[in-house]
Number of protein chains: 4
Amino acid sequence: MSKDIKTAVFGASGYVGAELIRILSGHPDFLVTGLAAERRAGETYGEVFPQMRHLDLPKLKRIKEFDLSEFDMIFAALPHGVTQKLAKALPNETKLVDCSADFRFRDPADYKKWYGLDHAAVETQPSVAYGLPEFYREQIASAQITANTGCYVATALLPLIPILERQLIDPSRIVIDAASGVTGAGRGAKEALLYTEVTDGFHAYGVGHHRHMGELDQELSKAAGMPVTPSFTPHLLPQSRGILATIYVDGEAEAIHAVLASRYRQEPFVDVLGFKETPATRHVRGSNLCRIGVAPDRIKGRTIITSALDNLVKGASGQAIQNANIMLNLGETTGLPMGPVFP
Amino acid sequence: MSKDIKTAVFGASGYVGAELIRILSGHPDFLVTGLAAERRAGETYGEVFPQMRHLDLPKLKRIKEFDLSEFDMIFAALPHGVTQKLAKALPNETKLVDCSADFRFRDPADYKKWYGLDHAAVETQPSVAYGLPEFYREQIASAQITANTGCYVATALLPLIPILERQLIDPSRIVIDAASGVTGAGRGAKEALLYTEVTDGFHAYGVGHHRHMGELDQELSKAAGMPVTPSFTPHLLPQSRGILATIYVDGEAEAIHAVLASRYRQEPFVDVLGFKETPATRHVRGSNLCRIGVAPDRIKGRTIITSALDNLVKGASGQAIQNANIMLNLGETTGLPMGPVFP
Amino acid sequence: MSKDIKTAVFGASGYVGAELIRILSGHPDFLVTGLAAERRAGETYGEVFPQMRHLDLPKLKRIKEFDLSEFDMIFAALPHGVTQKLAKALPNETKLVDCSADFRFRDPADYKKWYGLDHAAVETQPSVAYGLPEFYREQIASAQITANTGCYVATALLPLIPILERQLIDPSRIVIDAASGVTGAGRGAKEALLYTEVTDGFHAYGVGHHRHMGELDQELSKAAGMPVTPSFTPHLLPQSRGILATIYVDGEAEAIHAVLASRYRQEPFVDVLGFKETPATRHVRGSNLCRIGVAPDRIKGRTIITSALDNLVKGASGQAIQNANIMLNLGETTGLPMGPVFP
Amino acid sequence: MSKDIKTAVFGASGYVGAELIRILSGHPDFLVTGLAAERRAGETYGEVFPQMRHLDLPKLKRIKEFDLSEFDMIFAALPHGVTQKLAKALPNETKLVDCSADFRFRDPADYKKWYGLDHAAVETQPSVAYGLPEFYREQIASAQITANTGCYVATALLPLIPILERQLIDPSRIVIDAASGVTGAGRGAKEALLYTEVTDGFHAYGVGHHRHMGELDQELSKAAGMPVTPSFTPHLLPQSRGILATIYVDGEAEAIHAVLASRYRQEPFVDVLGFKETPATRHVRGSNLCRIGVAPDRIKGRTIITSALDNLVKGASGQAIQNANIMLNLGETTGLPMGPVFP
């Protein structure tokens, strides 16, 4: 264990930041030498996240207090719009994995359309890799900046891309009904996220309009070779972690299962279950695994796919470290949690 | 308050039984004079459900210990197959509301198909009312036996029947993605229902094959005037109560909303939210209300409907008492809980 | 049902306010004609609490927009310090039940000591009744203002007062270990109350110093006829509702049980369980009941008492309406929920 | 990573078994070559615990199917009474860590007293090490069999032993009020452990009589050099993992804090918080850490100690592997999870 890669986590006071620290603390190569969180600057990490008080970590600072060239790798878990500005000042020798949506769109106009902000680093965008390792491994390996996928998007793309590429389903009839644990909404102190407002209840939100749609469309369309616009409805679950997407497609279940099983046989973090089996989010909790089930609908020619991952791991921090491992040629699975924490 | 209707609850040791007792204890007309639960016979109700120990209730017996003619009204929350036998011995002056699937199918062959049992009271079936009061009020009023709808089924039928009747949607393209709290699975001591196996997680079950499908098909087909076979996937929520159905249809959202708002304006227990609003299960908890939201999908010509109810109330015990109120001409809303218990 | 008592709820946007509305909506006498919430003024109640959208309620206003003489009864669930000012302007014909700590202390200096504020209505204090109906029924009946007890305090006082009065326990060796659901902390948008920060965990807070101690001391000392200072530690439970106090005393269990059982036999809302039985908060959820268990410690001469209530009902809104029923001579149990909502 | 220690987990179908597998799968030395679970024999581990299906593990067998000499180390998580029989047949070259109570009592009569069974391996008992590594490290290092402590017991002993040894507190006035997540009750399919019966509620159990008392007394008495009999009340929390003990003692807080902080400064898995700080179970979830807080009671000369650990890790499987590491001289912290999984 060398732990000699100087590493920063920017946006360290949020849940994605905490999960980055949890995983990095057990990683043999990354040494956390910088932590930034604008509103908590000056505090120790144990004050912000008491579960981490046993770790030897630097105090929190503001981003502008750092010389970015001090870092070999920066993980950014910042509000949308901030990383674009950061990227413009990125030294050549420093790599960056971004967990926001800032660089997920190939076309900067899409960023504006879905996030309402002008893209502040249009010139940087073309060199950014899209951070879904199972499909963009080569680009990630050579990129200076990688844009992590959104959590809902990763859950849906992993089962859908291979079967769209093989034209196994009708691209015009995809329904993605998805549900997420509340960590997906972050650590902001909002009434709607209080324990009492989330526990023992379930509801849909963003019906008909959700920011992850733009990113979904981009990647599904690329896979299909034609414009794809799925129905997509997110729901809020009374649980901390986990996303499950239940996906209704027009296509044959056995063929779909065969293609997915074959496509992911060698992938360390994608686990296609036996035909007709279904995954549960509790069985990927705390792990970098995505688990996928395929079952025939009772309507002939239709199939129901279920896909589960931990939004904080494979949907954010774990994927980010998987990308960083690739960018630095460290061995893709190094330091990543496999074993789900259940019960 | 007369409390002079002699009332039995059969299957009183389950959650539907407990919820019947909770509501009946505040109802001005029904007096519980008989409680049956085969495996708990001889115990007090407070031993079976400690929350009820303040109530003055008879001890639990076995069904066969009762002379059924002692009762004006029997609520049956029994395992599938038992009520059919009970119904054959029902005295003429005793009415029955059944919470099982025993009498939900007009065609006894469908009962066999979906529940695997021969129908044991084929001759009784034609006189049974289907217990969805919003659509079968007259039949219920004159019936001796009413068959409560299934909980998932009620959640889906309330928004779908009016728009199928008006031909506002394509009957061949309905996707019902639904999730239920765990009380829907009963109080049986099963590993899969343990706290640790349910909390902080979410999964689909019965993908492509679930017993409620037969009942759904029957009523949707009747409404559409043609065979309707929706995609339907149930999920298990880490919460005690509540069902949410998210329903994807091909049809215009504004027309759908207008029809539903108009159809339910006078219904005391169906609340159609404002256009584009969405209900949450926590906002119907403990109440006999069903709340429905309608929003346009981003795909032109498609609509996403969300429907929420408490599976133990509007999906079971509340609906049963609503039906009993109708059967005995007591005033349909009498004694039924309106105000959801939140937080 | 006359519903002719003109009633206001001030502080209607908090959880105590919502629970007042839930209970009042089913009460035969109180008609809600005024709702105040400073920060939500102008909104409908359904916007603030969607579960209530089916009710016909006035819009929210600021307190100063009301002429207090419009009301026969005001329920105040306001931040500490506000009701004292309100009370000074209270018309003679208007009664008030206060859910804050503003009038709980007989000695205004104690208010200052525990809440850090000068008492703003010292002259009013002597005429205020302390709102624990089981012990102050007569004072409440003739009072214009009643000060509801704190939720932890009610949980501990109900078992402790009778046995201190009878000198059955050593007043110098009382340990009250208590735990509350998170609604006790209100609806304020604070990081510490987020779902993710509360679920699946348990911790003590206010160790050695908590505001409810002053009120506890006042009433326990009065009962004992000498100064009593119990050890008291509150904990936060991962649940919405419910307080359980586990109380360790030096005294004989059988005598304690006999006195409590006898003392509360006629009380409608206090239920002393059988000897050695223990209550659970889930078995009083949504109900105005307090349930008490008494068991011998294995150490001779010591006893462990457990006391459970719903902090929003018997610990706040239910108790308030019980008090209002007494003040207006409506029948103490009128409109109050008995049947716990479980599961 | 050699992974050359042949290792068995007996009782692999319970939660302690699953947590052993989770930790062992990331441990560099132990290779799981045998899994036993009487009722699930013949199944794969992924059938019993789907979260583990990605691991390459042997199928489950019955214990009697194994030649015990195949194993260098056996972890036993069996029902009480079974390991005693197993121990009698243990080959000399095979070591055993037992997670049951079978060997926790130095005096076999105490085993009979608290567990109601005759001790079946009286002759083996004297050579067994008591598995609280922070106090029995040397004995564990040379033992063939180590008896893991009970989960409640570990939570209480870690703060209490050092201050009893130093005579900082009155041994006759200790109150241990403790609460545990439901995994402590195992995976048996019992009505009382159903999601619906555990969620959103809190209650005490075993009031005045609980099996862990005997073990508590044994170790506290040894530390104090005189008989110690604390009051001890366990409670069931609506959460999966975690124990918090709130301990009331007669003694000075600052002295207690100083002694504990000093005693545990070098211990890798015991973290004494700053004076007056309090731990939360969610901040040790999934980790082998025990966190301890010390605060003065408001009553002069009394102190409130809070101690938190994860009952499945430091209270069971983590402690077991810590003991095995010591027994095999592998480095005490090897392979053990430090970073709590939060949120």
# chains A, B, ... in the order shown; residues from 1 in each chain; ligands from 1
>>> interface_residues(of="chain B", to="chain C", cutoff="7 Å", atoms="only C-alpha atoms", output="JSON, numbers by chain")
{"B": [22, 50, 51, 52, 240, 283, 284, 339, 340, 343]}
>>> residues_around(residues="Ser307 of chain C", least_positions_apart="5", cutoff="9 Å", atoms="only C-alpha atoms", output="ChimeraX atom specification")
/C:155-156,158-159,243-247,278-281,290-294
>>> calpha_fit_and_write(fixed="chain C", moving="chain D", output="short mmCIF file (atom, residue, chain, number, x, y, z; two decimals) with C-alpha atoms, in the first residue's frame")
data_model
loop_
_atom_site.label_atom_id
_atom_site.label_comp_id
_atom_site.auth_asym_id
_atom_site.auth_seq_id
_atom_site.Cartn_x
_atom_site.Cartn_y
_atom_site.Cartn_z
CA MET D 1 -73.31 17.68 16.36
CA SER D 2 -73.48 21.38 16.81
CA LYS D 3 -69.91 22.44 15.87
CA ASP D 4 -70.64 25.92 17.20
CA ILE D 5 -67.56 26.68 19.30
CA LYS D 6 -65.47 29.09 17.29
CA THR D 7 -61.96 27.79 17.46
CA ALA D 8 -58.54 28.97 16.36
CA VAL D 9 -55.32 27.04 15.95
CA PHE D 10 -52.27 29.28 16.15
CA GLY D 11 -49.08 27.65 14.99
CA ALA D 12 -51.03 25.52 12.55
CA SER D 13 -48.14 24.70 10.23
CA GLY D 14 -46.32 22.50 12.74
CA TYR D 15 -47.01 18.87 13.62
CA VAL D 16 -48.86 19.73 16.83
CA GLY D 17 -51.03 22.04 14.75
CA ALA D 18 -51.73 19.33 12.19
CA GLU D 19 -52.67 16.86 14.91
CA LEU D 20 -54.99 19.42 16.48
CA ILE D 21 -56.70 19.80 13.10
CA ARG D 22 -56.93 16.04 12.64
CA ILE D 23 -58.68 15.58 15.98
CA LEU D 24 -60.79 18.74 15.80
CA SER D 25 -62.09 17.75 12.35
CA GLY D 26 -63.81 14.77 14.00
CA HIS D 27 -64.90 16.60 17.15
CA PRO D 28 -68.64 17.34 17.42
CA ASP D 29 -68.32 20.77 19.03
CA PHE D 30 -65.29 22.70 17.84
CA LEU D 31 -65.50 24.51 14.52
CA VAL D 32 -62.16 25.73 13.23
CA THR D 33 -62.71 29.33 12.17
CA GLY D 34 -59.14 30.62 12.37
CA LEU D 35 -55.73 29.26 11.41
CA ALA D 36 -52.48 31.13 11.93
CA ALA D 37 -48.93 30.40 10.84
CA GLU D 38 -46.65 33.38 10.37
CA ARG D 39 -44.48 31.99 7.60
CA ARG D 40 -47.23 30.26 5.66
CA ALA D 41 -49.83 33.04 5.84
CA GLY D 42 -51.87 33.23 2.65
CA GLU D 43 -51.65 29.52 1.87
CA THR D 44 -54.44 26.98 2.12
CA TYR D 45 -54.09 24.30 4.76
CA GLY D 46 -53.91 21.68 2.04
CA GLU D 47 -50.79 23.35 0.69
CA VAL D 48 -49.14 23.14 4.09
CA PHE D 49 -50.41 19.66 4.90
CA PRO D 50 -51.63 17.85 1.78
CA GLN D 51 -53.27 15.10 3.83
CA MET D 52 -55.85 17.68 4.95
CA ARG D 53 -56.83 18.96 1.54
CA HIS D 54 -60.28 17.34 1.70
CA LEU D 55 -61.24 19.49 4.72
CA ASP D 56 -63.08 22.79 4.46
CA LEU D 57 -60.77 25.07 6.44
CA PRO D 58 -59.99 28.79 6.43
CA LYS D 59 -56.77 30.03 4.85
CA LEU D 60 -53.75 30.64 7.03
CA LYS D 61 -53.24 34.16 8.37
CA ARG D 62 -50.84 35.94 10.69
CA ILE D 63 -51.97 36.14 14.30
CA LYS D 64 -52.14 39.89 14.21
CA GLU D 65 -54.74 39.72 11.45
CA PHE D 66 -57.25 38.25 13.90
CA ASP D 67 -59.54 39.90 16.39
CA LEU D 68 -59.11 37.39 19.21
CA SER D 69 -62.62 38.01 20.48
CA GLU D 70 -63.87 36.16 17.40
CA PHE D 71 -62.83 32.93 19.09
CA ASP D 72 -64.30 30.98 21.97
CA MET D 73 -61.20 28.77 22.18
CA ILE D 74 -57.66 29.22 20.97
CA PHE D 75 -55.17 26.38 20.74
CA ALA D 76 -51.65 27.77 20.67
CA ALA D 77 -48.76 25.67 19.37
CA LEU D 78 -46.30 28.52 19.05
CA PRO D 79 -42.59 28.98 19.65
CA HIS D 80 -41.69 29.54 23.28
CA GLY D 81 -42.27 33.15 24.36
CA VAL D 82 -45.01 34.03 21.89
CA THR D 83 -48.04 32.89 23.87
CA GLN D 84 -47.10 35.01 26.87
CA LYS D 85 -47.56 38.09 24.73
CA LEU D 86 -50.77 36.71 23.28
CA ALA D 87 -52.15 35.97 26.72
CA LYS D 88 -51.87 39.55 27.81
CA ALA D 89 -54.28 40.57 25.08
CA LEU D 90 -56.69 37.70 25.57
CA PRO D 91 -60.34 38.86 25.75
CA ASN D 92 -62.21 37.68 28.85
CA GLU D 93 -64.60 35.55 26.90
CA THR D 94 -61.89 33.65 25.02
CA LYS D 95 -60.19 30.60 26.46
CA LEU D 96 -56.73 29.40 25.60
CA VAL D 97 -54.87 26.09 25.75
CA ASP D 98 -51.15 26.60 25.29
CA CYS D 99 -48.89 23.79 24.06
CA SER D 100 -45.64 25.70 24.67
CA ALA D 101 -43.73 25.98 27.94
CA ASP D 102 -44.76 29.62 28.43
CA PHE D 103 -47.05 29.02 31.40
CA ARG D 104 -45.87 25.68 32.77
CA PHE D 105 -43.81 27.13 35.61
CA ARG D 106 -45.50 28.44 38.71
CA ASP D 107 -42.41 30.53 39.43
CA PRO D 108 -41.54 32.83 36.48
CA ALA D 109 -37.91 32.62 37.56
CA ASP D 110 -37.94 28.94 36.59
CA TYR D 111 -39.13 29.90 33.13
CA LYS D 112 -36.15 32.22 32.82
CA LYS D 113 -33.83 29.55 34.19
CA TRP D 114 -34.85 26.82 31.76
CA TYR D 115 -35.85 28.79 28.67
CA GLY D 116 -33.53 31.78 28.96
CA LEU D 117 -36.30 34.30 28.44
CA ASP D 118 -37.88 36.79 30.80
CA HIS D 119 -41.46 35.83 31.49
CA ALA D 120 -43.59 38.38 29.66
CA ALA D 121 -46.86 37.75 31.48
CA VAL D 122 -45.93 37.37 35.12
CA GLU D 123 -49.23 38.76 36.29
CA THR D 124 -51.17 36.17 34.27
CA GLN D 125 -49.20 33.17 35.49
CA PRO D 126 -51.01 32.62 38.83
CA SER D 127 -54.38 32.11 37.14
CA VAL D 128 -53.11 29.52 34.65
CA ALA D 129 -53.99 25.87 35.23
CA TYR D 130 -51.31 23.22 34.77
CA GLY D 131 -52.73 20.99 32.09
CA LEU D 132 -52.31 17.48 33.35
CA PRO D 133 -56.00 16.63 33.61
CA GLU D 134 -55.57 13.54 35.75
CA PHE D 135 -54.25 15.77 38.58
CA TYR D 136 -55.52 19.28 37.88
CA ARG D 137 -59.04 18.70 36.62
CA GLU D 138 -60.72 21.23 38.89
CA GLN D 139 -58.26 24.00 38.20
CA ILE D 140 -58.54 23.37 34.46
CA ALA D 141 -62.33 23.44 34.61
CA SER D 142 -62.31 26.97 35.94
CA ALA D 143 -59.27 28.37 34.15
CA GLN D 144 -59.22 30.77 31.25
CA ILE D 145 -55.74 29.56 30.28
CA THR D 146 -54.36 26.05 30.59
CA ALA D 147 -50.70 25.20 30.06
CA ASN D 148 -50.32 21.77 28.50
CA THR D 149 -47.56 19.66 30.05
CA GLY D 150 -44.44 18.80 28.11
CA CYS D 151 -44.52 15.46 26.31
CA TYR D 152 -41.64 13.81 28.20
CA VAL D 153 -43.01 15.28 31.41
CA ALA D 154 -46.48 13.81 30.96
CA THR D 155 -44.96 10.40 30.27
CA ALA D 156 -43.01 10.48 33.53
CA LEU D 157 -45.51 12.25 35.79
CA LEU D 158 -48.40 9.88 35.23
CA PRO D 159 -46.62 6.92 36.84
CA LEU D 160 -44.53 8.91 39.33
CA ILE D 161 -46.93 11.35 40.97
CA PRO D 162 -49.16 8.76 42.67
CA ILE D 163 -46.25 6.80 44.09
CA LEU D 164 -44.42 9.89 45.28
CA GLU D 165 -47.59 11.12 46.97
CA ARG D 166 -47.83 7.78 48.76
CA GLN D 167 -44.11 7.81 49.59
CA LEU D 168 -43.64 4.41 47.97
CA ILE D 169 -40.26 5.29 46.45
CA ASP D 170 -37.05 7.05 47.41
CA PRO D 171 -37.30 10.52 45.81
CA SER D 172 -33.51 10.88 45.68
CA ARG D 173 -32.95 7.82 43.45
CA ILE D 174 -35.14 8.21 40.38
CA VAL D 175 -33.66 7.54 36.95
CA ILE D 176 -35.84 8.43 33.97
CA ASP D 177 -34.44 7.07 30.73
CA ALA D 178 -36.71 8.24 27.94
CA ALA D 179 -36.87 8.06 24.16
CA SER D 180 -39.01 10.01 21.73
CA GLY D 181 -40.05 9.84 18.12
CA VAL D 182 -38.80 12.70 15.99
CA THR D 183 -42.06 14.63 15.74
CA GLY D 184 -41.18 15.89 19.21
CA ALA D 185 -38.53 18.03 17.55
CA GLY D 186 -40.99 19.78 15.26
CA ARG D 187 -41.12 20.48 11.54
CA GLY D 188 -38.20 22.87 11.25
CA ALA D 189 -35.85 22.17 8.35
CA LYS D 190 -32.71 21.16 10.23
CA GLU D 191 -29.95 18.86 9.05
CA ALA D 192 -30.18 16.81 12.25
CA LEU D 193 -33.81 15.96 11.52
CA LEU D 194 -33.34 14.74 7.94
CA TYR D 195 -34.53 11.24 7.18
CA THR D 196 -30.98 10.08 6.58
CA GLU D 197 -29.76 11.51 9.89
CA VAL D 198 -32.53 9.89 11.94
CA THR D 199 -33.33 6.54 10.38
CA ASP D 200 -31.69 3.29 11.49
CA GLY D 201 -29.95 4.86 14.48
CA PHE D 202 -30.36 5.87 18.10
CA HIS D 203 -28.61 8.35 20.35
CA ALA D 204 -29.00 10.30 23.56
CA TYR D 205 -29.15 14.08 23.56
CA GLY D 206 -29.33 16.81 26.17
CA VAL D 207 -27.47 14.49 28.54
CA GLY D 208 -27.45 16.15 31.96
CA HIS D 209 -29.32 19.24 30.78
CA HIS D 210 -32.72 19.35 29.07
CA ARG D 211 -35.48 21.95 29.29
CA HIS D 212 -38.08 19.47 30.46
CA MET D 213 -36.12 18.93 33.69
CA GLY D 214 -37.41 22.10 35.33
CA GLU D 215 -41.01 21.11 34.76
CA LEU D 216 -40.32 17.56 35.93
CA ASP D 217 -38.72 18.82 39.12
CA GLN D 218 -41.61 21.20 39.80
CA GLU D 219 -44.30 18.54 39.64
CA LEU D 220 -42.34 15.69 41.22
CA SER D 221 -41.33 17.94 44.10
CA LYS D 222 -44.92 19.00 44.62
CA ALA D 223 -46.01 15.35 44.69
CA ALA D 224 -43.25 14.32 47.08
CA GLY D 225 -43.56 17.35 49.33
CA MET D 226 -39.82 17.83 49.07
CA PRO D 227 -37.29 18.73 46.38
CA VAL D 228 -36.93 15.97 43.76
CA THR D 229 -34.25 16.00 41.07
CA PRO D 230 -34.37 12.87 38.91
CA SER D 231 -31.70 11.75 36.50
CA PHE D 232 -33.28 12.21 33.08
CA THR D 233 -31.85 11.35 29.68
CA PRO D 234 -33.82 11.81 26.46
CA HIS D 235 -33.01 9.82 23.31
CA LEU D 236 -34.08 10.22 19.68
CA LEU D 237 -35.86 7.23 18.13
CA PRO D 238 -35.96 6.43 14.40
CA GLN D 239 -39.75 6.71 14.34
CA SER D 240 -42.26 9.53 13.94
CA ARG D 241 -44.38 9.23 17.06
CA GLY D 242 -44.21 7.90 20.57
CA ILE D 243 -42.38 8.34 23.84
CA LEU D 244 -41.32 5.53 26.13
CA ALA D 245 -39.94 6.29 29.57
CA THR D 246 -38.16 3.52 31.44
CA ILE D 247 -38.03 4.60 35.06
CA TYR D 248 -35.84 3.02 37.73
CA VAL D 249 -36.99 3.58 41.29
CA ASP D 250 -36.18 2.31 44.75
CA GLY D 251 -39.48 0.85 45.95
CA GLU D 252 -41.54 -2.35 45.97
CA ALA D 253 -43.02 -3.31 42.62
CA GLU D 254 -46.19 -4.92 43.86
CA ALA D 255 -47.14 -1.96 46.00
CA ILE D 256 -46.36 0.42 43.17
CA HIS D 257 -48.45 -1.58 40.74
CA ALA D 258 -51.36 -1.76 43.15
CA VAL D 259 -51.38 1.97 43.74
CA LEU D 260 -51.16 2.84 40.05
CA ALA D 261 -53.81 0.33 39.03
CA SER D 262 -56.15 1.67 41.66
CA ARG D 263 -55.41 5.33 40.99
CA TYR D 264 -56.11 5.07 37.27
CA ARG D 265 -58.97 2.56 37.21
CA GLN D 266 -61.52 5.29 36.42
CA GLU D 267 -59.29 7.40 34.19
CA PRO D 268 -60.33 7.06 30.55
CA PHE D 269 -56.89 7.71 29.08
CA VAL D 270 -54.48 5.99 31.47
CA ASP D 271 -54.21 2.22 31.16
CA VAL D 272 -52.13 0.36 33.75
CA LEU D 273 -51.14 -3.02 32.33
CA GLY D 274 -51.07 -6.28 34.26
CA PHE D 275 -48.17 -6.77 36.66
CA LYS D 276 -44.91 -7.35 34.79
CA GLU D 277 -46.40 -6.45 31.41
CA THR D 278 -44.72 -3.72 29.36
CA PRO D 279 -46.21 -1.22 26.92
CA ALA D 280 -44.96 -0.34 23.42
CA THR D 281 -45.21 3.03 21.77
CA ARG D 282 -46.69 1.47 18.64
CA HIS D 283 -49.67 0.36 20.71
CA VAL D 284 -50.62 3.94 21.61
CA ARG D 285 -49.85 5.47 18.19
CA GLY D 286 -52.47 8.04 17.20
CA SER D 287 -54.38 7.55 20.47
CA ASN D 288 -54.83 9.67 23.58
CA LEU D 289 -53.94 6.70 25.81
CA CYS D 290 -50.96 6.50 28.15
CA ARG D 291 -50.04 2.91 28.98
CA ILE D 292 -47.99 2.01 32.05
CA GLY D 293 -46.19 -1.18 33.03
CA VAL D 294 -44.66 -2.10 36.40
CA ALA D 295 -42.12 -4.88 36.94
CA PRO D 296 -39.76 -5.76 39.74
CA ASP D 297 -36.09 -5.21 39.10
CA ARG D 298 -33.97 -8.27 39.93
CA ILE D 299 -32.43 -6.14 42.69
CA LYS D 300 -34.64 -6.54 45.73
CA GLY D 301 -36.55 -3.39 46.59
CA ARG D 302 -36.20 -1.80 43.19
CA THR D 303 -38.77 -1.44 40.45
CA ILE D 304 -38.73 -0.68 36.73
CA ILE D 305 -41.69 1.30 35.41
CA THR D 306 -42.36 1.76 31.72
CA SER D 307 -44.72 4.43 30.44
CA ALA D 308 -45.74 4.99 26.82
CA LEU D 309 -47.78 7.63 25.05
CA ASP D 310 -48.02 9.32 21.66
CA ASN D 311 -46.16 12.60 22.02
CA LEU D 312 -48.43 14.28 19.45
CA VAL D 313 -51.65 13.11 21.12
CA LYS D 314 -51.56 12.53 24.88
CA GLY D 315 -48.27 14.44 24.90
CA ALA D 316 -49.61 17.47 23.01
CA SER D 317 -52.71 17.87 20.83
CA GLY D 318 -54.91 15.20 22.41
CA GLN D 319 -54.13 16.46 25.87
CA ALA D 320 -54.87 19.99 24.69
CA ILE D 321 -58.31 18.99 23.45
CA GLN D 322 -58.90 16.95 26.62
CA ASN D 323 -58.16 20.16 28.56
CA ALA D 324 -60.40 22.22 26.29
CA ASN D 325 -63.20 19.71 26.78
CA ILE D 326 -62.85 20.19 30.54
CA MET D 327 -62.65 23.98 30.30
CA LEU D 328 -65.85 24.09 28.24
CA ASN D 329 -67.61 21.28 30.11
CA LEU D 330 -68.03 19.21 26.94
CA GLY D 331 -67.37 15.78 28.37
CA GLU D 332 -63.72 15.00 28.84
CA THR D 333 -63.42 12.22 26.25
CA THR D 334 -65.47 13.89 23.53
CA GLY D 335 -63.93 13.59 20.11
CA LEU D 336 -60.65 12.12 21.33
CA PRO D 337 -59.07 9.17 19.51
CA MET D 338 -58.90 6.03 21.59
CA GLY D 339 -58.05 3.27 19.14
CA PRO D 340 -54.35 3.20 18.36
CA VAL D 341 -53.42 2.97 14.69
CA PHE D 342 -51.45 -0.25 14.48
CA PRO D 343 -49.92 -1.66 12.36
#
>>> select_by_dssp(residues="segment 184-263 of chain B", states="helix (DSSP H, G or I)", output="PyMOL selection string")
chain B and resi 184-185+191-193+195-198+212-224+253-263
>>> write_last_selection(atoms="C-alpha atoms", output="short mmCIF file (atom, residue, chain, number, x, y, z; two decimals), in the first residue's frame")
data_model
loop_
_atom_site.label_atom_id
_atom_site.label_comp_id
_atom_site.auth_asym_id
_atom_site.auth_seq_id
_atom_site.Cartn_x
_atom_site.Cartn_y
_atom_site.Cartn_z
CA GLY B 184 -50.63 -6.30 2.37
CA ALA B 185 -48.76 -9.57 2.96
CA GLU B 191 -38.70 -14.94 6.95
CA ALA B 192 -39.37 -12.67 3.98
CA LEU B 193 -41.55 -10.40 6.11
CA TYR B 195 -38.18 -6.33 9.81
CA THR B 196 -34.61 -6.91 8.69
CA GLU B 197 -35.70 -8.35 5.35
CA VAL B 198 -38.06 -5.51 4.53
CA HIS B 212 -54.60 -9.68 -8.65
CA MET B 213 -54.21 -9.70 -12.44
CA GLY B 214 -57.31 -11.80 -13.01
CA GLU B 215 -59.47 -9.39 -11.06
CA LEU B 216 -57.90 -6.42 -12.79
CA ASP B 217 -58.56 -7.90 -16.21
CA GLN B 218 -62.19 -8.71 -15.33
CA GLU B 219 -63.08 -5.16 -14.32
CA LEU B 220 -60.96 -3.32 -16.88
CA SER B 221 -62.39 -5.45 -19.65
CA LYS B 222 -65.89 -4.78 -18.45
CA ALA B 223 -65.21 -1.04 -18.44
CA ALA B 224 -63.60 -1.10 -21.88
CA ALA B 253 -53.85 14.10 -19.84
CA GLU B 254 -56.19 17.06 -19.77
CA ALA B 255 -59.16 15.04 -20.96
CA ILE B 256 -58.35 12.28 -18.50
CA HIS B 257 -58.08 14.73 -15.63
CA ALA B 258 -61.34 16.41 -16.56
CA VAL B 259 -63.24 13.14 -16.69
CA LEU B 260 -61.86 11.88 -13.39
CA ALA B 261 -62.42 15.19 -11.58
CA SER B 262 -65.99 15.27 -12.81
CA ARG B 263 -66.70 11.61 -12.15
#
>>> select_by_dssp(residues="segment 173-212 of chain D", states="strand (DSSP E or B)", output="count of residues only")
9
